[in-house]
Amino acid sequence: MKIAVVTGASSGMGREFVLAVDRSYQLDEIWVIARRTERLKDLQAQCATKLRALSWDLTDRESFNEYADLLKAEQPQIRILINAAGYGLFGAFEELPLDGQLGIPDLNDKALTAMCLLSLPYMQEGDEIVNLGSNSSWQPVPYIAVYAASKAYVLSFSRALGRELKRRGVHVMCVCPGWVKTEFMDRAVRDDTIRYYDRWYTAEDVVARAMRDLKKRKTVSILGAPVRRQVRLVKHLPTALIMNVWCKQQGKS
């Protein structure tokens with residue numbers, strides 16, 4: 001049985017990846033993972049491929065045991081794993097709740113790491129892993145400190161893992177979008193701490209670019225010339241200067 005596995009599948013980028021995978025791959029099933037069961041079921045009507053809805057909270061480590069048990073029982077080939085689950089909180093670090101901030105690396109990093117490790121025994125040459133990073137993967141970002149740090153991990157991990165798996169022929173790509181209008185923003189934005197957004201993109205466009213870049217075997221996918229220019233700049237400019245510019249844009253000292 002050939003399958004795809006998509007986390008964070010109930011909305012935003014994860015949902016768009018499910019639709020894109022349905023169009024692009026010949027699969028027996030797509031395993032869609034998220035907490036909101038009804039949304040996963042509603043997604044079936046838009047897909048030709050059979051979806052298996054797995055209502056798991058990936059911040060609960062028991063979900064990894066359930067995933068491992070399901071893989072052992074079904075013995076599928078995972079053609080593509082897409083780790084799109086994640087969230088962030090915008091605001092001053094000392095003013096944000098502890099549980100909320102600890103949950104960010106739990107989902108964005110630990111769950112992603114676990115999903116990769118548990119999936120790899122079921123992947124073959126030519127199979128693929130896509131991890132969702134961010135434009136904030138490239139530099140520290142005040143007032144989005146924990147989220148940005150979590151996405152720096154995703155980028156670094158994806159690059160290193162991709163190098164290790166090169167010998168096996170399993171390709172790894174990290175998607176690093178700029179500002180995207182999804183439900184992520186509804187949860188992340190608590191007040192006007194972050195007030196400057198230079199350019200918005202859609203989840204559909206980010207995923208479309210990612211799927212094209214995946215076919216080209218790119219290791220990083222970035223939509224938009226302005227975002228790519230920014231990435232090139234931050235590689236060469238002092239970190240302190242980058243943070244100063246960001247803070248000035250947000251009206252912070």
# chains A, B, ... in the order shown; residues from 1 in each chain; ligands from 1

call {"tool": "residues_around", "arguments": {"residues": "A:Tyr153", "least_positions_apart": "6", "cutoff": "12 Å", "atoms": "only C-alpha atoms", "output": "list in words"}}
result
Ile104, Pro105, Asp106, Asn108, Asp109, Lys110, Leu112, Thr113, Asn131, Leu132, Gly133, Ser134, Ser136, Ser137, Trp138, Gln139, Pro140, Val146, Tyr147, Arg159, Ala160, Leu161 and Cys174 of chain A

call {"tool": "write_last_selection", "arguments": {"atoms": "C-alpha atoms", "output": "PDB file, in the first residue's frame"}}
result
ATOM      1  CA  ILE A 104       5.538  25.570  20.223  1.00  0.00           C
ATOM      2  CA  PRO A 105       8.728  23.433  20.174  1.00  0.00           C
ATOM      3  CA  ASP A 106       6.661  20.428  21.265  1.00  0.00           C
ATOM      4  CA  ASN A 108       6.895  22.436  15.608  1.00  0.00           C
ATOM      5  CA  ASP A 109      10.071  20.513  16.470  1.00  0.00           C
ATOM      6  CA  LYS A 110       9.580  17.455  18.645  1.00  0.00           C
ATOM      7  CA  LEU A 112       8.160  16.795  13.423  1.00  0.00           C
ATOM      8  CA  THR A 113      11.284  14.940  14.546  1.00  0.00           C
ATOM      9  CA  ASN A 131       8.931  20.037   6.465  1.00  0.00           C
ATOM     10  CA  LEU A 132       7.258  23.389   6.957  1.00  0.00           C
ATOM     11  CA  GLY A 133       9.721  26.046   8.030  1.00  0.00           C
ATOM     12  CA  SER A 134       9.276  29.809   7.784  1.00  0.00           C
ATOM     13  CA  SER A 136      11.787  33.388  10.269  1.00  0.00           C
ATOM     14  CA  SER A 137      13.942  30.245  10.015  1.00  0.00           C
ATOM     15  CA  TRP A 138      16.836  32.376   8.815  1.00  0.00           C
ATOM     16  CA  GLN A 139      17.307  34.833  11.700  1.00  0.00           C
ATOM     17  CA  PRO A 140      16.286  35.511  15.319  1.00  0.00           C
ATOM     18  CA  VAL A 146      10.175  31.051  20.392  1.00  0.00           C
ATOM     19  CA  TYR A 147       8.382  30.510  17.085  1.00  0.00           C
ATOM     20  CA  ARG A 159      19.098  20.190   5.699  1.00  0.00           C
ATOM     21  CA  ALA A 160      21.108  17.826   7.856  1.00  0.00           C
ATOM     22  CA  LEU A 161      18.582  15.012   7.520  1.00  0.00           C
ATOM     23  CA  CYS A 174      12.043  22.595   3.816  1.00  0.00           C
TER      24      CYS A 174
END

call {"tool": "select_by_dssp", "arguments": {"residues": "stretch 154-236 of chain A", "states": "alpha helix (DSSP H)", "output": "JSON, numbers by chain"}}
result
{"A": [154, 155, 156, 157, 158, 159, 160, 161, 162, 163, 164, 165, 183, 184, 185, 186, 187, 188, 203, 204, 205, 206, 207, 208, 209, 210, 211, 212, 213, 214, 215, 225, 226, 227, 228, 229, 230, 231, 232, 233, 234]}

call {"tool": "residues_around", "arguments": {"residues": "A:Trp31", "least_positions_apart": "2", "cutoff": "10 Å", "atoms": "only C-alpha atoms", "output": "list in words"}}
result
Ile3, Ala4, Val5, Val6, Thr7, Ala9, Val18, Asp28, Glu29, Ile33, Leu40, Lys50, Leu51, Arg52, Ala53, Leu54, Ile78 and Leu81 of chain A

call {"tool": "write_last_selection", "arguments": {"atoms": "C-alpha atoms", "output": "compact mmCIF listing (two decimals), in the first residue's frame"}}
result
# COMPACT_ATOMS: atom_id res chain seq x y z
CA ILE A 3 0.40 6.33 1.12
CA ALA A 4 1.11 9.97 1.93
CA VAL A 5 1.11 11.28 5.50
CA VAL A 6 0.19 14.91 6.16
CA THR A 7 0.16 16.52 9.61
CA ALA A 9 -4.13 18.60 7.60
CA VAL A 18 -3.42 17.25 1.01
CA ASP A 28 -3.91 4.08 -2.09
CA GLU A 29 -4.51 6.40 0.87
CA ILE A 33 -3.47 13.98 10.94
CA LEU A 40 -10.62 15.92 8.14
CA LYS A 50 -9.13 7.76 0.06
CA LEU A 51 -8.29 9.71 3.21
CA ARG A 52 -7.66 8.05 6.55
CA ALA A 53 -8.51 10.60 9.24
CA LEU A 54 -6.30 10.30 12.32
CA ILE A 78 5.22 6.25 2.61
CA LEU A 81 5.58 12.72 4.51

call {"tool": "select_by_dssp", "arguments": {"residues": "stretch 102-159 of chain A", "states": "strand (DSSP E or B)", "output": "list of chain:residue names"}}
result
A:Glu128, A:Ile129, A:Val130, A:Asn131, A:Leu132

call {"tool": "atom_distance", "arguments": {"atom1": "atom CA of A:Met1", "atom2": "atom CA of A:Ser158"}}
result
26.0 Å

call {"tool": "residues_around", "arguments": {"residues": "A:Arg209", "least_positions_apart": "2", "cutoff": "8 Å", "atoms": "only C-alpha atoms", "output": "ChimeraX atom specification"}}
result
/A:205-207,211-213,221-223

call {"tool": "write_last_selection", "arguments": {"atoms": "N, CA and C atoms", "output": "PDB file, in the first residue's frame"}}
result
ATOM      1  N   ASP A 205      -0.726  29.344  -3.123  1.00  0.00           N
ATOM      2  CA  ASP A 205       0.456  29.705  -3.906  1.00  0.00           C
ATOM      3  C   ASP A 205       1.733  29.124  -3.301  1.00  0.00           C
ATOM      4  N   VAL A 206       1.827  29.138  -1.980  1.00  0.00           N
ATOM      5  CA  VAL A 206       3.006  28.572  -1.313  1.00  0.00           C
ATOM      6  C   VAL A 206       3.134  27.088  -1.627  1.00  0.00           C
ATOM      7  N   VAL A 207       2.022  26.373  -1.542  1.00  0.00           N
ATOM      8  CA  VAL A 207       2.050  24.932  -1.787  1.00  0.00           C
ATOM      9  C   VAL A 207       2.308  24.626  -3.257  1.00  0.00           C
ATOM     10  N   MET A 211       5.385  22.312  -4.494  1.00  0.00           N
ATOM     11  CA  MET A 211       5.259  21.101  -5.302  1.00  0.00           C
ATOM     12  C   MET A 211       6.125  21.179  -6.558  1.00  0.00           C
ATOM     13  N   ARG A 212       6.232  22.364  -7.145  1.00  0.00           N
ATOM     14  CA  ARG A 212       7.127  22.522  -8.297  1.00  0.00           C
ATOM     15  C   ARG A 212       8.587  22.335  -7.883  1.00  0.00           C
ATOM     16  N   ASP A 213       8.952  22.926  -6.737  1.00  0.00           N
ATOM     17  CA  ASP A 213      10.329  22.813  -6.257  1.00  0.00           C
ATOM     18  C   ASP A 213      10.668  21.382  -5.860  1.00  0.00           C
ATOM     19  N   SER A 221      12.323  25.549  -0.392  1.00  0.00           N
ATOM     20  CA  SER A 221      11.353  26.171  -1.281  1.00  0.00           C
ATOM     21  C   SER A 221      10.933  27.515  -0.696  1.00  0.00           C
ATOM     22  N   ILE A 222      11.083  28.580  -1.494  1.00  0.00           N
ATOM     23  CA  ILE A 222      10.729  29.928  -1.056  1.00  0.00           C
ATOM     24  C   ILE A 222       9.892  30.591  -2.143  1.00  0.00           C
ATOM     25  N   LEU A 223       8.681  30.963  -1.815  1.00  0.00           N
ATOM     26  CA  LEU A 223       7.825  31.666  -2.760  1.00  0.00           C
ATOM     27  C   LEU A 223       8.058  33.168  -2.666  1.00  0.00           C
TER      28      LEU A 223
END

call {"tool": "residues_around", "arguments": {"residues": "A:Tyr25", "least_positions_apart": "4", "cutoff": "9 Å", "atoms": "only C-alpha atoms", "output": "list in words"}}
result
Ala4, Ala20, Val21 and Arg79 of chain A

call {"tool": "closest_atom_pairs", "arguments": {"of": "stretch 158-187 of chain A", "to": "stretch 198-204 of chain A", "cutoff": "7 Å", "atoms": "only C-alpha atoms", "output": "JSON lines"}}
result
{"residue": "A:Trp179", "atom": "CA", "partner": "A:Trp200", "partner_atom": "CA", "distance": 5.1}
{"residue": "A:Val180", "atom": "CA", "partner": "A:Tyr201", "partner_atom": "CA", "distance": 4.8}
{"residue": "A:Lys181", "atom": "CA", "partner": "A:Thr202", "partner_atom": "CA", "distance": 5.8}

call {"tool": "write_last_selection", "arguments": {"atoms": "N, CA and C atoms", "output": "CSV table (one decimal), in the first residue's frame"}}
result
chain,number,residue,atom,x,y,z
A,179,TRP,N,4.8,35.8,5.0
A,179,TRP,CA,3.5,36.0,5.6
A,179,TRP,C,2.4,35.3,4.8
A,180,VAL,N,1.7,34.4,5.4
A,180,VAL,CA,0.6,33.6,4.7
A,180,VAL,C,-0.7,33.8,5.5
A,181,LYS,N,-1.8,34.1,4.8
A,181,LYS,CA,-3.1,34.3,5.4
A,181,LYS,C,-3.7,32.9,5.7
